[in-house]
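Enquirer: File target_7.csv below, CSV, N, CA and C atoms:
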```csv
chain,number,residue,atom,x,y,z
A,1,MET,N,1.6,-22.1,6.7
A,1,MET,CA,1.4,-20.7,7.0
A,1,MET,C,2.2,-19.9,6.0
A,2,LEU,N,3.4,-20.5,5.6
A,2,LEU,CA,4.2,-19.8,4.6
A,2,LEU,C,3.5,-19.8,3.2
A,3,ALA,N,2.8,-20.8,2.9
A,3,ALA,CA,2.1,-20.9,1.6
A,3,ALA,C,1.0,-19.9,1.6
A,4,ILE,N,0.3,-19.7,2.7
A,4,ILE,CA,-0.8,-18.7,2.8
A,4,ILE,C,-0.2,-17.3,2.5
A,5,GLN,N,0.9,-17.0,3.2
A,5,GLN,CA,1.5,-15.7,3.0
A,5,GLN,C,2.0,-15.5,1.5
A,6,GLY,N,2.5,-16.6,0.9
A,6,GLY,CA,2.9,-16.5,-0.5
A,6,GLY,C,1.8,-16.3,-1.4
A,7,VAL,N,0.6,-16.9,-1.1
A,7,VAL,CA,-0.6,-16.7,-1.9
A,7,VAL,C,-1.0,-15.2,-1.7
A,8,HIS,N,-1.0,-14.7,-0.5
A,8,HIS,CA,-1.4,-13.3,-0.2
A,8,HIS,C,-0.5,-12.4,-1.0
A,9,PHE,N,0.8,-12.6,-1.0
A,9,PHE,CA,1.7,-11.8,-1.7
A,9,PHE,C,1.5,-11.8,-3.2
A,10,LEU,N,1.2,-13.0,-3.8
A,10,LEU,CA,1.0,-13.1,-5.2
A,10,LEU,C,-0.3,-12.4,-5.6
A,11,VAL,N,-1.4,-12.6,-4.8
A,11,VAL,CA,-2.6,-11.9,-5.1
A,11,VAL,C,-2.5,-10.4,-5.1
A,12,SER,N,-1.7,-9.9,-4.1
A,12,SER,CA,-1.5,-8.5,-4.0
A,12,SER,C,-0.7,-8.0,-5.2
A,13,LEU,N,0.3,-8.8,-5.6
A,13,LEU,CA,1.1,-8.4,-6.8
A,13,LEU,C,0.3,-8.4,-8.0
A,14,LEU,N,-0.6,-9.4,-8.2
A,14,LEU,CA,-1.4,-9.4,-9.4
A,14,LEU,C,-2.5,-8.3,-9.4
A,15,LEU,N,-3.0,-8.0,-8.3
A,15,LEU,CA,-4.0,-6.9,-8.2
A,15,LEU,C,-3.3,-5.6,-8.5
A,16,GLY,N,-2.1,-5.4,-8.0
A,16,GLY,CA,-1.4,-4.1,-8.2
A,16,GLY,C,-1.1,-4.0,-9.7
A,17,ALA,N,-0.6,-5.1,-10.3
A,17,ALA,CA,-0.3,-5.0,-11.7
A,17,ALA,C,-1.6,-4.8,-12.6
A,18,ALA,N,-2.7,-5.4,-12.2
A,18,ALA,CA,-3.9,-5.2,-12.9
A,18,ALA,C,-4.4,-3.8,-12.8
A,19,LEU,N,-4.2,-3.2,-11.6
A,19,LEU,CA,-4.7,-1.8,-11.4
A,19,LEU,C,-3.8,-0.8,-12.3
A,20,ILE,N,-2.5,-1.1,-12.3
A,20,ILE,CA,-1.6,-0.3,-13.1
A,20,ILE,C,-1.9,-0.4,-14.6
A,21,LEU,N,-2.1,-1.6,-15.1
A,21,LEU,CA,-2.3,-1.8,-16.5
A,21,LEU,C,-3.7,-1.4,-16.9
A,22,ALA,N,-4.7,-1.4,-16.0
A,22,ALA,CA,-6.1,-1.0,-16.4
A,22,ALA,C,-6.4,0.4,-15.9
A,23,ARG,N,-5.5,1.2,-15.6
A,23,ARG,CA,-5.7,2.5,-15.1
A,23,ARG,C,-6.6,3.4,-16.0
A,24,LYS,N,-6.4,3.4,-17.3
A,24,LYS,CA,-7.1,4.2,-18.2
A,24,LYS,C,-8.6,3.8,-18.3
A,25,PRO,N,-8.9,2.5,-18.5
A,25,PRO,CA,-10.3,2.1,-18.5
A,25,PRO,C,-11.0,2.4,-17.1
A,26,ILE,N,-10.3,2.2,-16.0
A,26,ILE,CA,-10.9,2.5,-14.7
A,26,ILE,C,-11.1,4.0,-14.6
A,27,SER,N,-10.2,4.8,-15.0
A,27,SER,CA,-10.4,6.3,-14.9
A,27,SER,C,-11.5,6.7,-15.8
A,28,ARG,N,-11.7,6.1,-17.0
A,28,ARG,CA,-12.8,6.5,-17.9
A,28,ARG,C,-14.1,6.0,-17.2
A,29,TRP,N,-14.1,4.9,-16.5
A,29,TRP,CA,-15.3,4.4,-15.9
A,29,TRP,C,-15.7,5.3,-14.7
A,30,LEU,N,-14.7,5.8,-13.9
A,30,LEU,CA,-15.0,6.6,-12.8
A,30,LEU,C,-15.3,8.0,-13.1
A,31,ALA,N,-14.7,8.6,-14.2
A,31,ALA,CA,-15.0,9.9,-14.7
A,31,ALA,C,-15.2,9.9,-16.2
A,32,PRO,N,-16.4,9.6,-16.6
A,32,PRO,CA,-16.6,9.4,-18.1
A,32,PRO,C,-16.6,10.7,-18.9
A,33,TYR,N,-16.6,11.9,-18.2
A,33,TYR,CA,-16.6,13.1,-18.9
A,33,TYR,C,-15.2,13.8,-18.7
A,34,GLU,N,-14.8,14.6,-19.7
A,34,GLU,CA,-13.5,15.3,-19.7
A,34,GLU,C,-13.6,16.4,-18.7
A,35,THR,N,-12.5,16.6,-17.9
A,35,THR,CA,-12.5,17.7,-17.0
A,35,THR,C,-11.5,18.7,-17.4
A,36,ASP,N,-11.7,20.0,-17.0
A,36,ASP,CA,-10.7,21.0,-17.4
A,36,ASP,C,-9.4,20.9,-16.6
A,37,SER,N,-9.5,20.4,-15.4
A,37,SER,CA,-8.3,20.2,-14.6
A,37,SER,C,-7.9,18.8,-14.6
A,38,SER,N,-7.2,18.3,-15.6
A,38,SER,CA,-6.7,17.0,-15.7
A,38,SER,C,-5.5,16.8,-14.7
A,39,VAL,N,-5.4,15.6,-14.2
A,39,VAL,CA,-4.3,15.3,-13.2
A,39,VAL,C,-3.4,14.4,-13.9
A,40,SER,N,-2.1,14.6,-13.7
A,40,SER,CA,-1.1,13.8,-14.3
A,40,SER,C,-1.0,12.4,-13.7
A,41,SER,N,-0.5,11.5,-14.5
A,41,SER,CA,-0.4,10.1,-13.9
A,41,SER,C,0.6,10.0,-12.8
A,42,ALA,N,1.6,10.9,-12.8
A,42,ALA,CA,2.5,10.9,-11.7
A,42,ALA,C,1.9,11.3,-10.4
A,43,THR,N,0.9,12.2,-10.5
A,43,THR,CA,0.2,12.7,-9.3
A,43,THR,C,-0.7,11.5,-8.8
A,44,LEU,N,-1.4,10.9,-9.7
A,44,LEU,CA,-2.2,9.8,-9.3
A,44,LEU,C,-1.5,8.6,-8.7
A,45,ILE,N,-0.3,8.3,-9.2
A,45,ILE,CA,0.6,7.2,-8.7
A,45,ILE,C,1.0,7.7,-7.3
A,46,ALA,N,1.4,8.9,-7.1
A,46,ALA,CA,1.8,9.4,-5.8
A,46,ALA,C,0.7,9.3,-4.8
A,47,VAL,N,-0.5,9.7,-5.1
A,47,VAL,CA,-1.7,9.6,-4.2
A,47,VAL,C,-1.9,8.1,-3.9
A,48,GLY,N,-1.9,7.3,-4.9
A,48,GLY,CA,-2.1,5.8,-4.7
A,48,GLY,C,-1.0,5.2,-3.7
A,49,ALA,N,0.2,5.6,-3.9
A,49,ALA,CA,1.3,5.1,-3.0
A,49,ALA,C,1.1,5.6,-1.6
A,50,ALA,N,0.6,6.9,-1.5
A,50,ALA,CA,0.4,7.4,-0.1
A,50,ALA,C,-0.8,6.7,0.5
A,51,LEU,N,-1.8,6.4,-0.2
A,51,LEU,CA,-3.0,5.6,0.4
A,51,LEU,C,-2.6,4.2,0.7
A,52,ILE,N,-1.8,3.6,-0.1
A,52,ILE,CA,-1.3,2.2,0.3
A,52,ILE,C,-0.4,2.3,1.5
A,53,GLY,N,0.4,3.3,1.6
A,53,GLY,CA,1.2,3.5,2.8
A,53,GLY,C,0.3,3.7,4.1
A,54,ILE,N,-0.7,4.4,3.9
A,54,ILE,CA,-1.6,4.6,5.1
A,54,ILE,C,-2.3,3.3,5.5
A,55,GLY,N,-2.6,2.5,4.5
A,55,GLY,CA,-3.2,1.2,4.7
A,55,GLY,C,-2.2,0.3,5.5
A,56,TYR,N,-1.0,0.2,5.0
A,56,TYR,CA,0.1,-0.6,5.7
A,56,TYR,C,0.3,-0.1,7.1
A,57,LEU,N,0.3,1.3,7.3
A,57,LEU,CA,0.5,1.8,8.6
A,57,LEU,C,-0.7,1.5,9.6
A,58,ALA,N,-1.9,1.5,9.1
A,58,ALA,CA,-3.0,1.2,9.9
A,58,ALA,C,-3.0,-0.3,10.3
A,59,ALA,N,-2.7,-1.2,9.3
A,59,ALA,CA,-2.6,-2.6,9.6
A,59,ALA,C,-1.5,-2.9,10.6
A,60,GLY,N,-0.4,-2.3,10.5
A,60,GLY,CA,0.7,-2.5,11.4
A,60,GLY,C,0.3,-2.0,12.8
A,61,LEU,N,-0.3,-0.9,12.9
A,61,LEU,CA,-0.7,-0.4,14.2
A,61,LEU,C,-1.8,-1.3,14.9
A,62,ILE,N,-2.6,-1.9,14.1
A,62,ILE,CA,-3.6,-2.9,14.6
A,62,ILE,C,-2.9,-4.1,15.1
A,63,THR,N,-1.9,-4.6,14.3
A,63,THR,CA,-1.2,-5.8,14.7
A,63,THR,C,-0.4,-5.5,16.0
A,64,LEU,N,0.2,-4.3,16.1
A,64,LEU,CA,1.0,-4.0,17.3
A,64,LEU,C,0.0,-3.9,18.5
A,65,GLY,N,-1.1,-3.3,18.3
A,65,GLY,CA,-2.1,-3.2,19.4
A,65,GLY,C,-2.6,-4.6,19.8
A,66,THR,N,-2.8,-5.5,18.9
A,66,THR,CA,-3.2,-6.8,19.2
A,66,THR,C,-2.1,-7.5,20.0
A,67,TYR,N,-0.8,-7.3,19.6
A,67,TYR,CA,0.3,-7.9,20.3
A,67,TYR,C,0.4,-7.4,21.8
A,68,TYR,N,0.2,-6.1,22.0
A,68,TYR,CA,0.3,-5.6,23.3
A,68,TYR,C,-0.9,-6.0,24.2
A,69,ALA,N,-2.1,-6.1,23.5
A,69,ALA,CA,-3.3,-6.5,24.3
A,69,ALA,C,-3.1,-8.0,24.7
A,70,ARG,N,-2.6,-8.8,23.9
A,70,ARG,CA,-2.4,-10.2,24.3
A,70,ARG,C,-1.3,-10.3,25.3
A,71,LEU,N,-0.3,-9.5,25.2
A,71,LEU,CA,0.8,-9.5,26.2
A,71,LEU,C,0.3,-9.1,27.6
A,72,GLU,N,-0.6,-8.1,27.6
A,72,GLU,CA,-1.1,-7.8,28.9
A,72,GLU,C,-2.1,-8.8,29.5
A,73,ALA,N,-2.9,-9.4,28.6
A,73,ALA,CA,-4.0,-10.3,29.0
A,73,ALA,C,-3.4,-11.6,29.4
A,74,LEU,N,-2.5,-12.2,28.6
A,74,LEU,CA,-1.9,-13.5,28.8
A,74,LEU,C,-0.6,-13.5,29.5
A,75,GLY,N,0.1,-12.4,29.5
A,75,GLY,CA,1.4,-12.4,30.1
A,75,GLY,C,2.5,-12.7,29.1
A,76,SER,N,2.2,-13.3,27.9
A,76,SER,CA,3.2,-13.5,26.9
A,76,SER,C,2.4,-13.5,25.5
A,77,SER,N,3.2,-13.2,24.5
A,77,SER,CA,2.6,-13.1,23.2
A,77,SER,C,3.7,-13.5,22.2
A,78,SER,N,3.3,-13.9,21.0
A,78,SER,CA,4.3,-14.3,20.0
A,78,SER,C,5.1,-13.1,19.5
A,79,PRO,N,6.4,-13.2,19.4
A,79,PRO,CA,7.2,-12.0,18.9
A,79,PRO,C,7.0,-11.8,17.4
A,80,ASP,N,6.3,-12.8,16.7
A,80,ASP,CA,6.0,-12.7,15.3
A,80,ASP,C,5.1,-11.5,15.0
A,81,SER,N,4.1,-11.3,15.9
A,81,SER,CA,3.2,-10.2,15.7
A,81,SER,C,3.9,-8.9,15.9
A,82,LEU,N,4.9,-8.8,16.8
A,82,LEU,CA,5.6,-7.6,17.0
A,82,LEU,C,6.5,-7.2,15.8
A,83,TRP,N,7.2,-8.2,15.2
A,83,TRP,CA,8.0,-8.0,14.1
A,83,TRP,C,7.1,-7.6,12.8
A,84,ARG,N,6.0,-8.4,12.7
A,84,ARG,CA,5.1,-8.1,11.5
A,84,ARG,C,4.5,-6.8,11.6
A,85,GLY,N,4.0,-6.4,12.8
A,85,GLY,CA,3.4,-5.1,13.0
A,85,GLY,C,4.4,-3.9,12.8
A,86,GLY,N,5.6,-4.1,13.3
A,86,GLY,CA,6.7,-3.1,13.2
A,86,GLY,C,7.1,-3.0,11.7
A,87,PHE,N,7.2,-4.1,11.0
A,87,PHE,CA,7.6,-4.0,9.6
A,87,PHE,C,6.6,-3.3,8.8
A,88,SER,N,5.3,-3.6,9.1
A,88,SER,CA,4.2,-3.0,8.3
A,88,SER,C,4.1,-1.5,8.6
A,89,VAL,N,4.3,-1.1,9.8
A,89,VAL,CA,4.4,0.3,10.1
A,89,VAL,C,5.5,1.0,9.4
A,90,GLY,N,6.7,0.3,9.4
A,90,GLY,CA,7.8,0.9,8.7
A,90,GLY,C,7.6,1.1,7.2
A,91,VAL,N,7.0,0.0,6.6
A,91,VAL,CA,6.7,0.1,5.1
A,91,VAL,C,5.7,1.2,4.9
A,92,GLY,N,4.7,1.3,5.7
A,92,GLY,CA,3.7,2.3,5.5
A,92,GLY,C,4.3,3.7,5.6
A,93,ILE,N,5.1,4.0,6.6
A,93,ILE,CA,5.8,5.3,6.7
A,93,ILE,C,6.6,5.6,5.5
A,94,ILE,N,7.4,4.6,5.1
A,94,ILE,CA,8.3,4.8,3.9
A,94,ILE,C,7.5,5.1,2.6
A,95,LEU,N,6.4,4.3,2.4
A,95,LEU,CA,5.6,4.5,1.2
A,95,LEU,C,4.9,5.9,1.3
A,96,PHE,N,4.4,6.3,2.4
A,96,PHE,CA,3.8,7.6,2.5
A,96,PHE,C,4.8,8.7,2.4
A,97,ALA,N,5.9,8.6,3.0
A,97,ALA,CA,6.9,9.7,2.9
A,97,ALA,C,7.5,9.8,1.5
A,98,SER,N,7.7,8.7,0.8
A,98,SER,CA,8.3,8.7,-0.5
A,98,SER,C,7.3,8.7,-1.7
A,99,SER,N,6.0,8.9,-1.4
A,99,SER,CA,5.0,8.8,-2.5
A,99,SER,C,5.3,9.8,-3.6
A,100,HIS,N,5.7,11.0,-3.3
A,100,HIS,CA,6.0,12.0,-4.3
A,100,HIS,C,7.1,11.5,-5.2
A,101,GLY,N,8.2,11.0,-4.6
A,101,GLY,CA,9.3,10.4,-5.4
A,101,GLY,C,8.9,9.2,-6.2
A,102,ILE,N,8.0,8.4,-5.7
A,102,ILE,CA,7.5,7.3,-6.5
A,102,ILE,C,6.7,7.8,-7.7
A,103,GLY,N,5.9,8.9,-7.6
A,103,GLY,CA,5.2,9.5,-8.7
A,103,GLY,C,6.2,10.0,-9.8
A,104,ARG,N,7.2,10.7,-9.3
A,104,ARG,CA,8.3,11.2,-10.3
A,104,ARG,C,9.0,10.0,-10.9
A,105,LEU,N,9.3,9.0,-10.2
A,105,LEU,CA,9.9,7.8,-10.8
A,105,LEU,C,9.0,7.2,-11.9
A,106,TRP,N,7.7,7.1,-11.6
A,106,TRP,CA,6.8,6.6,-12.6
A,106,TRP,C,6.8,7.4,-13.8
A,107,SER,N,6.8,8.7,-13.7
A,107,SER,CA,6.8,9.6,-14.9
A,107,SER,C,8.1,9.4,-15.7
A,108,ARG,N,9.2,9.3,-15.0
A,108,ARG,CA,10.5,9.1,-15.7
A,108,ARG,C,10.5,7.7,-16.4
A,109,LEU,N,9.9,6.7,-15.8
A,109,LEU,CA,9.9,5.4,-16.4
A,109,LEU,C,9.0,5.4,-17.6
A,110,ARG,N,7.9,6.1,-17.6
A,110,ARG,CA,7.0,6.2,-18.7
A,110,ARG,C,7.6,7.0,-19.9
A,111,ALA,N,8.6,7.9,-19.6
A,111,ALA,CA,9.2,8.7,-20.6
A,111,ALA,C,10.2,7.9,-21.4
A,112,LEU,N,10.7,6.7,-20.8
A,112,LEU,CA,11.7,5.9,-21.5
A,112,LEU,C,11.2,5.3,-22.8
```
How would this structure read if it were set down as C-alpha cells?

Expert:
Amino acid sequence: MLAIQGVHFLVSLLLGAALILARKPISRWLAPYETDSSVSSATLIAVGAALIGIGYLAAGLITLGTYYARLEALGSSSPDSLWRGGFSVGVGIILFASSHGIGRLWSRLRAL
C-alpha cells in the first residue's frame, strides 16, 4: 500500500513539473491568438493553486463522507480514512487560501 501511495505521489509530482515546464506551449495551444488582456503568470499560478486546493478539498470531503457512512453502516471504520480525509481538507483549504501568495512567490522566483 505504501508503494502505491509513493507511485501516486511521484506521478503527481512529475505531472506538476511537466505542467509548469510546458506552460507556454500549452497556453499557445489553448489560445493560439494574441489577446489584448494578457494575464500574468503569477495570476495563472494563483488560479491553478486555487483549483488544486478545491480538488483536494473535494477529495477530502468525499473521504470523510465515506468514513462516516461506513461508521454508521458497520458500526466501525478505519481511522486511516478520517486522518486522510482531514489532511486532504486541510491541504485544500491552505492551498486555496494562500493561492494569491503562491502566485506572488512564483513571480519573485522568476525574477531571480

Enquirer: Give me the residues within 8 Å of Ile93 (chain A) as a tab-separated table (two decimals) with N, CA and C atoms, keeping the file's coordinate frame, counting only C-alpha atoms and dropping any in the same chain fewer than 2 places off.

Expert:
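around_29.tsv written:
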```
chain	number	residue	atom	x	y	z
A	53	GLY	N	0.40	3.30	1.60
A	53	GLY	CA	1.20	3.50	2.80
A	53	GLY	C	0.30	3.70	4.10
A	54	ILE	N	-0.70	4.40	3.90
A	54	ILE	CA	-1.60	4.60	5.10
A	54	ILE	C	-2.30	3.30	5.50
A	57	LEU	N	0.30	1.30	7.30
A	57	LEU	CA	0.50	1.80	8.60
A	57	LEU	C	-0.70	1.50	9.60
A	89	VAL	N	4.30	-1.10	9.80
A	89	VAL	CA	4.40	0.30	10.10
A	89	VAL	C	5.50	1.00	9.40
A	90	GLY	N	6.70	0.30	9.40
A	90	GLY	CA	7.80	0.90	8.70
A	90	GLY	C	7.60	1.10	7.20
A	91	VAL	N	7.00	0.00	6.60
A	91	VAL	CA	6.70	0.10	5.10
A	91	VAL	C	5.70	1.20	4.90
A	95	LEU	N	6.40	4.30	2.40
A	95	LEU	CA	5.60	4.50	1.20
A	95	LEU	C	4.90	5.90	1.30
A	96	PHE	N	4.40	6.30	2.40
A	96	PHE	CA	3.80	7.60	2.50
A	96	PHE	C	4.80	8.70	2.40
A	97	ALA	N	5.90	8.60	3.00
A	97	ALA	CA	6.90	9.70	2.90
A	97	ALA	C	7.50	9.80	1.50
```

Enquirer: Just asking: which residues within chain A are helix (DSSP H, G or I) according to DSSP, as a PyMOL selection string?

Expert: chain A and resi 2-21+23-30+41-74+79-97+99-111

Enquirer: Between atom N of Gly48 (chain A) and atom N of Thr63 (chain A), what distance in Å does the model show, to one decimal?

Expert: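 Separating atom N of Gly48 (chain A) from atom N of Thr63 (chain A) is a distance of 22.6 Å.
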
Enquirer: Could you jot down the CA of Gly85 (chain A) to CA of Leu15 (chain A) separation for me, Å, one decimal place?

Expert: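 CA of Leu15 (chain A) lies at a distance of 22.5 Å from CA of Gly85 (chain A).
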
Enquirer: Go through A:Ala59, A:Leu13, A:Ala46, A:Ala18 and flag the residue nearest Gly101 (chain A), using only N, CA and C atoms for the distances.

Expert: A:Ala46

Enquirer: Can you tell me how far atom N of Leu51 (chain A) sits from atom N of Ala3 (chain A), in Å to one decimal?

Expert: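 Between these atoms lies a distance of 27.8 Å.
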
Enquirer: Hey, which of A:Gly16, A:Ser88, A:Leu105, A:His8 ends up closest to Ala58 (chain A)? Count only N, CA and C atoms.

Expert: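 Closest candidate: A:Ser88.
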